[in-house]
Each structure stands twice: as C-alpha cells, then as structure tokens.
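As structure tokens, the structure follows; a few thoughts come after it.
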Amino acid sequence: MKAKKYLWSIICVYFCYLTHGIQAIILSQNNVNFAKQWGFNMSDPQSAAYAAGLAAVSTAVAWTGFGKFVSVWIGGEISDRVGRKKLMIGGAALYIICFLGFLFTKSALVASVCGFASGVATSGFWDASGYPAVQEAYPAAPGSALVGIKFFVSLSGMVYPLLVVHNANSGNWKLNVMIPVVMSIICLVLAIIAPFVYDDQKKAAEGNDGKSKDAVQAEIDAAKAAMLTKPSKFVVFLVMFYAFLCMAIMYGAQQYTKAFGLSVCGLSEMQAAGMTSIYTIGSICAVLFWAFMMAKLKWSPLKVVLIDSICTAAALAGVLFIHQVAIIYVAIAMLGFFAAGGALQTGLAVVQLFNPGPKGRNTGIYYTFMGAASYLIPVVAAQLTKASGEANAVYSLMIMLLVFAINMYIVHSQSQAIRQIDGVYNSKFPLLSSAAQENLRKECIVKNVMKDKKGLLFRMAADRQSLPFNIGLLKKRHS
C-alpha cells in the first residue's frame, strides 16, 4: 500500500505544518513583546506610540502574506520540475533562519524581511510541495489527506496561544520563539530522510529512456475523461478565487480574534487567548468530521465547501452582533469548525476536480489567491488601526469578513460546474443505494458519452470519482 510505503513523507509534511501553525500566529500572539523589542513604547495602550507598535507588527504580518503571494505560483511550477523533497528541505532551512531573525532582531524592518522570507518558505516551498506530496502518498482519499494538514495547523494553533500567555507571565516570552526554532530543525531532518512518491516516480521515469510523462499524465487524462463537460475559464477562476475569500476569513479570524476579545468584548488576557484556542478546537473537530465524511461516506468536496460557506456567515454574524461571552464562545467555535476546519484544503480538492492538471501548478495558482488575502488583511488592519484605533479596526475587519463569507457561498452556489462535476446530487431521480452504485462502477467501463430518450447525458465508468450518472437509466438496469 502506497500510504504505508511513504508514511515518512506524510509524517514530514504534517510535522512541517504543525510548525507552520505557530509561524502563522507568532507575530500577532506576541505583538506587544515584539513591538517592545523593536523599540516602541508600549506602556500606554491609549497612546499613539502603542498604536504605531501594533501597526508595525501588522506590517510584518502583511509582509508574510506578500511572501506567500509572490512565491507560491512559481513554487508549484518548480515543485513539478525538481520534485517535492528539495522544496521541503529548502522550506525547513528558511524557517530556521526566519525564526532566529525574529528571536534576535531589534528592527521592525528586519522583522518584516523575516516575515516575507517565512511567507516564501511556507507557500513557495512547503505549500507547493507538501500539499501534492500527501495527495500522492495517500491516493485512496486525497481530500482527507489534505484536510489532515489542517488538523496539525489547528493543533499548534490551539496550544500555542496558551503557551504564549504562560511564558509571558513567567517573564520568559522569548521561549515562544525558541520552540518553533527547534521544531524547524526537526522538520529539516524529516525532510532529508523521508521518501516522496513524485520524486521516486520521476527518477524511475527518467531512467526509462528519459520519458517522464507516465503515471502523472495518465492520472490527469483520466480525470479529464471523467468530465461530461469541460468547465469554462470563468468557472475555474471562481473555484480558484474561493481561496482568497476563505483565506481572508480564516486569516483574519486567526490573527485578530484575541484583539477582538480584548478591545471589543472586554475579556481578560487569558479569556481572549481562550477564544483563539476555542476557535482552534472547532477547527480540529471539523477536520476529523469532514475527513470521515469524505473518505468513508464519499461526500463530495463541493458539498462540503457549500455547507462551510453558509455556516461561516452565520457564525460571523453571531460574533459581531451578540456580545454575550457564552454566545461569542459558541460562535467562535462554529467559526473555527466551518471556516478553519479544512475549508481551504477542501477547496483545493475542488480545484483538482474542475481543472485536472499538474498538482504543483494547481496548488500554486490556488494559493496565489490565498497569498493575496494573507497580504491584504494585515494591510487593511494596520491602516484601520492607525485611522480609528484598535477596537474600531478589529470590528470593521470582522464586518468585512462577514461580507467575504457571504461571497464564499455565492461563488459556489451559482457555479454551473456544480452540475458538471457533481450532477448526481442535482438529479431529479432518486439515488441508487451505495452497494448498487459500487457494483455498477466495477461492472461498467463506457468511454463515450450517450443520451437516453429524455436527452439526459450520462456516463458509466469504473473510476469511483467519475460522476454524474444517469440515475433513471441505471435504476432500470438494477430493477
């Protein structure tokens, strides 16, 4: 079994994203201490110097997003050319350098450079190679393998904010930076020793008279053959743009939940940190739930992102308009479940359905939209903080995220590609039982698309991902 043979590559990717979970929030969770280290006077929360210090941290966060934005597309292309291992190693090495920079620099400018480099390491190196690597190592359920990445990001996101408060209260906040340095070294070791599917296939293909198309191109051709209608370029753009909307919501909630709790809801430092942890717990529960639904019950990734979009909008509305602590905690948990519980990764699985192609390239394009959101949200937050103060800034930001959540739903609910890829859920005929569908998949391999007497398109195929079927005609066969 491929998953067992390449278990170390899966472990490597998951541990790297456990480390990334800290990198994603290290600046915002330690914002006051970093601002002090960079020379800002943070003694008076109402002063202009305090606001300038927070804005400097948001600027460094923005440069992290910009690093993701400019690197992930080209990183995907490089990953398809040179393999996954080299980029995983390069990302780990760059992480070590960046965290050491955060630990020792006293300059906001140098910290921004380190933020930019960490964004390049995350998306240009790890996203471009890690996401395809786990799909290739676990082909039986690639959607679940992708959602597993989110589990480990969420795990560190749940524990790290509590460690930040504990270490800061004990007078040793720099331990919050030393921990990811050690973890990055472990990532480097794992990347060096782990085998990767794509790299092994590439070596084998190059050894066979220099032909390197083989299995990868065959998989792409099979995915294209399973489609009844090729989605338009506009539809492909919509499913790519979902990454921008999803990341804007997830990144904004992840970075500014604590600030929202402190400045808008009037919570204590520990209560506000608890909001971040509750958000993360919700995302972990969602990862486990959706992985089961997609791997075992064969739920379509498209159905998952539609549900996520609706419930994310509802959760954000609860956070914004009901300022009772218990309700806020419930809404934050819902937000974590539906916005950060693998929605971004599931969206990538949808992209691969709508636009079959090299996984590295698709990941690069998709995460370019994600990187744009990672850059935009901190920039907007920094400008709002300078203009109106922290409380008004985070409240305005949450309203913007609610608008994005509504657009998330519109993007997929209005997409005609729902009927092209996932037509079985839109059929007016009743669904066959799972056993009957499985029997048909095993029995029938029909290469051409035909029409029944009602003019409905259908295709019967051995591949379990080849949908839709004409349910009415198939029922006759099994009646």
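Residues are named by chain letter and number: chains run A, B, ... in the order of the structure tokens, numbers start at 1 in each chain, and ligands are numbered from 1 in the order shown.
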Who sits within 8 Å of Arg84 in chain A, only C-alpha atoms, same chain under 2 positions skipped, as number ranges by chain: A: 79-80, 82, 86-88, 129-130, 133, 196, 198-199
All residues 8 Å or closer to range 366-383 of chain A, only C-alpha atoms, same chain fewer than 2 positions away omitted, as a PDB file with N, CA and C atoms, in the first residue's frame:
ATOM      1  N   LEU A  54       1.685  48.354  17.314  1.00  0.00           N
ATOM      2  CA  LEU A  54       0.787  47.318  16.789  1.00  0.00           C
ATOM      3  C   LEU A  54       0.727  47.364  15.263  1.00  0.00           C
ATOM      4  N   ALA A  55       0.747  48.575  14.711  1.00  0.00           N
ATOM      5  CA  ALA A  55       0.744  48.705  13.250  1.00  0.00           C
ATOM      6  C   ALA A  55       2.022  48.121  12.644  1.00  0.00           C
ATOM      7  N   ALA A  56       3.154  48.286  13.330  1.00  0.00           N
ATOM      8  CA  ALA A  56       4.416  47.714  12.848  1.00  0.00           C
ATOM      9  C   ALA A  56       4.351  46.198  12.820  1.00  0.00           C
ATOM     10  N   SER A  58       1.527  44.424  12.511  1.00  0.00           N
ATOM     11  CA  SER A  58       0.628  44.092  11.400  1.00  0.00           C
ATOM     12  C   SER A  58       1.327  44.220  10.056  1.00  0.00           C
ATOM     13  N   THR A  59       2.233  45.184   9.953  1.00  0.00           N
ATOM     14  CA  THR A  59       3.001  45.337   8.708  1.00  0.00           C
ATOM     15  C   THR A  59       3.903  44.131   8.469  1.00  0.00           C
ATOM     16  N   VAL A  61       3.325  41.151   9.572  1.00  0.00           N
ATOM     17  CA  VAL A  61       2.410  40.071   9.200  1.00  0.00           C
ATOM     18  C   VAL A  61       2.022  40.196   7.727  1.00  0.00           C
ATOM     19  N   ALA A  62       1.793  41.442   7.289  1.00  0.00           N
ATOM     20  CA  ALA A  62       1.433  41.675   5.890  1.00  0.00           C
ATOM     21  C   ALA A  62       2.546  41.222   4.945  1.00  0.00           C
ATOM     22  N   TRP A  63       3.796  41.470   5.340  1.00  0.00           N
ATOM     23  CA  TRP A  63       4.917  41.027   4.506  1.00  0.00           C
ATOM     24  C   TRP A  63       4.990  39.507   4.441  1.00  0.00           C
ATOM     25  N   THR A  64       4.546  38.830   5.500  1.00  0.00           N
ATOM     26  CA  THR A  64       4.448  37.368   5.444  1.00  0.00           C
ATOM     27  C   THR A  64       3.476  36.960   4.344  1.00  0.00           C
ATOM     28  N   GLY A  65       2.312  37.612   4.315  1.00  0.00           N
ATOM     29  CA  GLY A  65       1.338  37.318   3.274  1.00  0.00           C
ATOM     30  C   GLY A  65       1.845  37.649   1.885  1.00  0.00           C
ATOM     31  N   PHE A  66       2.597  38.742   1.770  1.00  0.00           N
ATOM     32  CA  PHE A  66       3.143  39.111   0.459  1.00  0.00           C
ATOM     33  C   PHE A  66       4.154  38.069  -0.013  1.00  0.00           C
ATOM     34  N   GLY A  67       4.931  37.530   0.923  1.00  0.00           N
ATOM     35  CA  GLY A  67       5.865  36.460   0.567  1.00  0.00           C
ATOM     36  C   GLY A  67       5.142  35.238   0.029  1.00  0.00           C
ATOM     37  N   LYS A  68       4.011  34.920   0.634  1.00  0.00           N
ATOM     38  CA  LYS A  68       3.206  33.808   0.127  1.00  0.00           C
ATOM     39  C   LYS A  68       2.683  34.109  -1.265  1.00  0.00           C
ATOM     40  N   PHE A  69       2.201  35.329  -1.436  1.00  0.00           N
ATOM     41  CA  PHE A  69       1.563  35.720  -2.689  1.00  0.00           C
ATOM     42  C   PHE A  69       2.511  35.620  -3.881  1.00  0.00           C
ATOM     43  N   VAL A  70       3.740  36.119  -3.718  1.00  0.00           N
ATOM     44  CA  VAL A  70       4.648  36.199  -4.862  1.00  0.00           C
ATOM     45  C   VAL A  70       5.378  34.897  -5.146  1.00  0.00           C
ATOM     46  N   SER A  71       5.328  33.948  -4.218  1.00  0.00           N
ATOM     47  CA  SER A  71       6.172  32.763  -4.374  1.00  0.00           C
ATOM     48  C   SER A  71       5.435  31.467  -4.707  1.00  0.00           C
ATOM     49  N   VAL A  72       4.149  31.372  -4.340  1.00  0.00           N
ATOM     50  CA  VAL A  72       3.524  30.051  -4.386  1.00  0.00           C
ATOM     51  C   VAL A  72       3.299  29.563  -5.813  1.00  0.00           C
ATOM     52  N   TRP A  73       2.975  30.448  -6.746  1.00  0.00           N
ATOM     53  CA  TRP A  73       2.717  30.008  -8.120  1.00  0.00           C
ATOM     54  C   TRP A  73       3.996  29.438  -8.737  1.00  0.00           C
ATOM     55  N   SER A 123       4.685  29.080   1.539  1.00  0.00           N
ATOM     56  CA  SER A 123       3.931  28.842   0.306  1.00  0.00           C
ATOM     57  C   SER A 123       4.813  28.451  -0.874  1.00  0.00           C
ATOM     58  N   ASP A 127       3.925  24.737   0.765  1.00  0.00           N
ATOM     59  CA  ASP A 127       2.616  24.547   0.138  1.00  0.00           C
ATOM     60  C   ASP A 127       2.762  23.927  -1.249  1.00  0.00           C
ATOM     61  N   MET A 240     -10.921  28.975  -8.037  1.00  0.00           N
ATOM     62  CA  MET A 240      -9.621  29.465  -7.578  1.00  0.00           C
ATOM     63  C   MET A 240      -9.788  30.649  -6.626  1.00  0.00           C
ATOM     64  N   PHE A 241     -10.723  31.569  -6.961  1.00  0.00           N
ATOM     65  CA  PHE A 241     -10.932  32.766  -6.155  1.00  0.00           C
ATOM     66  C   PHE A 241     -11.474  32.418  -4.767  1.00  0.00           C
ATOM     67  N   ALA A 243     -10.181  30.553  -2.763  1.00  0.00           N
ATOM     68  CA  ALA A 243      -9.030  30.567  -1.859  1.00  0.00           C
ATOM     69  C   ALA A 243      -8.842  31.941  -1.241  1.00  0.00           C
ATOM     70  N   PHE A 244      -9.072  33.008  -2.019  1.00  0.00           N
ATOM     71  CA  PHE A 244      -8.934  34.365  -1.483  1.00  0.00           C
ATOM     72  C   PHE A 244      -9.961  34.610  -0.385  1.00  0.00           C
ATOM     73  N   LEU A 245     -11.218  34.290  -0.669  1.00  0.00           N
ATOM     74  CA  LEU A 245     -12.286  34.537   0.298  1.00  0.00           C
ATOM     75  C   LEU A 245     -12.097  33.717   1.566  1.00  0.00           C
ATOM     76  N   CYS A 246     -11.780  32.439   1.380  1.00  0.00           N
ATOM     77  CA  CYS A 246     -11.628  31.538   2.526  1.00  0.00           C
ATOM     78  C   CYS A 246     -10.443  31.956   3.389  1.00  0.00           C
ATOM     79  N   MET A 247      -9.327  32.285   2.746  1.00  0.00           N
ATOM     80  CA  MET A 247      -8.139  32.649   3.498  1.00  0.00           C
ATOM     81  C   MET A 247      -8.321  33.996   4.203  1.00  0.00           C
ATOM     82  N   ALA A 248      -9.028  34.917   3.574  1.00  0.00           N
ATOM     83  CA  ALA A 248      -9.271  36.212   4.205  1.00  0.00           C
ATOM     84  C   ALA A 248     -10.021  36.025   5.519  1.00  0.00           C
ATOM     85  N   TYR A 251      -7.689  33.822   8.004  1.00  0.00           N
ATOM     86  CA  TYR A 251      -6.519  34.570   8.457  1.00  0.00           C
ATOM     87  C   TYR A 251      -6.927  35.713   9.383  1.00  0.00           C
ATOM     88  N   GLY A 252      -8.002  36.413   8.991  1.00  0.00           N
ATOM     89  CA  GLY A 252      -8.475  37.499   9.826  1.00  0.00           C
ATOM     90  C   GLY A 252      -8.930  37.015  11.189  1.00  0.00           C
ATOM     91  N   LEU A 348      -9.110  23.178  -2.475  1.00  0.00           N
ATOM     92  CA  LEU A 348      -8.068  22.730  -3.396  1.00  0.00           C
ATOM     93  C   LEU A 348      -8.467  21.415  -4.062  1.00  0.00           C
ATOM     94  N   VAL A 351     -10.729  22.286  -6.812  1.00  0.00           N
ATOM     95  CA  VAL A 351      -9.961  22.796  -7.952  1.00  0.00           C
ATOM     96  C   VAL A 351      -9.444  21.649  -8.810  1.00  0.00           C
ATOM     97  N   ASN A 362      -1.515  23.550 -10.004  1.00  0.00           N
ATOM     98  CA  ASN A 362      -2.827  23.910  -9.472  1.00  0.00           C
ATOM     99  C   ASN A 362      -2.726  24.465  -8.051  1.00  0.00           C
ATOM    100  N   THR A 363      -1.878  23.827  -7.248  1.00  0.00           N
ATOM    101  CA  THR A 363      -1.671  24.318  -5.885  1.00  0.00           C
ATOM    102  C   THR A 363      -1.085  25.723  -5.902  1.00  0.00           C
ATOM    103  N   GLY A 364      -0.133  25.956  -6.818  1.00  0.00           N
ATOM    104  CA  GLY A 364       0.498  27.269  -6.911  1.00  0.00           C
ATOM    105  C   GLY A 364      -0.483  28.364  -7.283  1.00  0.00           C
ATOM    106  N   THR A 385      -6.185  50.510  12.102  1.00  0.00           N
ATOM    107  CA  THR A 385      -5.698  50.765  13.463  1.00  0.00           C
ATOM    108  C   THR A 385      -5.136  52.184  13.582  1.00  0.00           C
ATOM    109  N   LYS A 386      -4.377  52.615  12.587  1.00  0.00           N
ATOM    110  CA  LYS A 386      -3.828  53.973  12.601  1.00  0.00           C
ATOM    111  C   LYS A 386      -4.931  55.020  12.539  1.00  0.00           C
ATOM    112  N   ALA A 387      -5.962  54.712  11.742  1.00  0.00           N
ATOM    113  CA  ALA A 387      -7.005  55.709  11.495  1.00  0.00           C
ATOM    114  C   ALA A 387      -8.026  55.808  12.624  1.00  0.00           C
ATOM    115  N   ALA A 393     -10.986  49.172  14.579  1.00  0.00           N
ATOM    116  CA  ALA A 393     -10.325  48.472  13.471  1.00  0.00           C
ATOM    117  C   ALA A 393     -10.745  47.007  13.414  1.00  0.00           C
ATOM    118  N   VAL A 394     -10.665  46.304  14.531  1.00  0.00           N
ATOM    119  CA  VAL A 394     -10.991  44.878  14.511  1.00  0.00           C
ATOM    120  C   VAL A 394     -12.478  44.660  14.273  1.00  0.00           C
ATOM    121  N   LEU A 397     -13.008  45.112  10.630  1.00  0.00           N
ATOM    122  CA  LEU A 397     -12.429  43.960   9.947  1.00  0.00           C
ATOM    123  C   LEU A 397     -13.383  42.767   9.987  1.00  0.00           C
TER     124      LEU A 397
END
Gap from CA of Val305 in chain A to CA of Thr346 in chain A - Å, one decimal: 7.0 Å
What lies within 8 Å of His20 in chain A using only C-alpha atoms, ignoring chain neighbours under 3 positions off, as an MDAnalysis selection string? chainID A and resid 16:17 23:24 122 153
With C-alpha atoms retained, could you export that selection as a PDB file, in the first residue's frame?
ATOM      1  CA  CYS A  16       6.047  20.840   8.999  1.00  0.00           C
ATOM      2  CA  TYR A  17       2.501  22.156   9.162  1.00  0.00           C
ATOM      3  CA  GLN A  23       4.535  30.641  12.312  1.00  0.00           C
ATOM      4  CA  ALA A  24       1.083  31.783  11.212  1.00  0.00           C
ATOM      5  CA  THR A 122       5.519  28.468   3.726  1.00  0.00           C
ATOM      6  CA  VAL A 153      -2.023  23.513  11.817  1.00  0.00           C
TER       7      VAL A 153
END
Looking at A:Gly347, A:Leu146, A:Leu7, A:Ile399, which one is nearest to Leu302 in chain A, with distances taken over only C-alpha atoms?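 Among the listed residues, A:Gly347 lies closest to Leu302 in chain A.
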Closest of A:Tyr95, A:Phe102, A:Phe237, A:Tyr395 to Ala317 in chain A, counting only C-alpha atoms, is A:Tyr395
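When CA of Gly157 in chain A is paired with CA of Val319 in chain A, their separation reads 19.7 Å.
Minimum atom-to-atom distances from A:Ser396, A:Gln271, A:Asn407, A:Gln46 to Thr312 in chain A were compared using only C-alpha atoms, and the lowest value belongs to A:Asn407.
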Hey, what's within 12 Å of Lys5 in chain A if we count only C-alpha atoms and toss same-chain stuff fewer than 4 positions away? As a JSON list (two decimals) with C-alpha atoms, in the first residue's frame, please?
[["chain", "number", "residue", "atom", "x", "y", "z"],
["A", 1, "MET", "CA", 0.00, 0.00, 0.00],
["A", 9, "SER", "CA", 6.69, 11.68, 3.78],
["A", 10, "ILE", "CA", 3.22, 12.08, 5.29],
["A", 11, "ILE", "CA", 4.73, 12.46, 8.79],
["A", 136, "GLU", "CA", 0.32, 11.39, -3.91],
["A", 137, "ALA", "CA", 1.18, 9.38, -0.80],
["A", 138, "TYR", "CA", -2.48, 8.64, 0.01],
["A", 194, "ALA", "CA", 11.67, 10.91, 4.00],
["A", 195, "PRO", "CA", 10.98, 9.38, 0.55],
["A", 196, "PHE", "CA", 8.45, 11.13, -1.70],
["A", 197, "VAL", "CA", 6.19, 9.49, -4.30],
["A", 200, "ASP", "CA", 10.62, 8.32, -6.91]]
Residue among A:Ala191, A:Val57, A:Cys285, A:Ala349 lying closest to Gly39 in chain A, counting only C-alpha atoms: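 Smallest distance to Gly39 in chain A is found for A:Val57.
Candidate residues A:Met158, A:Pro45, A:Val287, A:Val177 were compared for distance to Ala391 in chain A, and the nearest is A:Pro45, using only C-alpha atoms.
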Among listed residues A:Ser309, A:Gln255, A:Ser144, A:Ser184, nearest Ala272 in chain A (using only C-alpha atoms):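 Going through A:Ser309, A:Gln255, A:Ser144, A:Ser184 one by one, the smallest distance to Ala272 in chain A is for A:Gln255.
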Using only C-alpha atoms, which residues sit within 12 Å of Asn176 in chain A once same-chain residues fewer than 4 positions away are excluded, as a ChimeraX atom specification? /A:22-23,25-27,29-31,33-34,99-100,102-103,159-172,180-183
Taking 3 positions as the minimum chain separation for residues in the same chain, which residues sit within 10 Å of Ala145 in chain A when counting only C-alpha atoms? Answer as a PyMOL selection string. chain A and resi 10+14+131-142+148-150+291+295+345-346
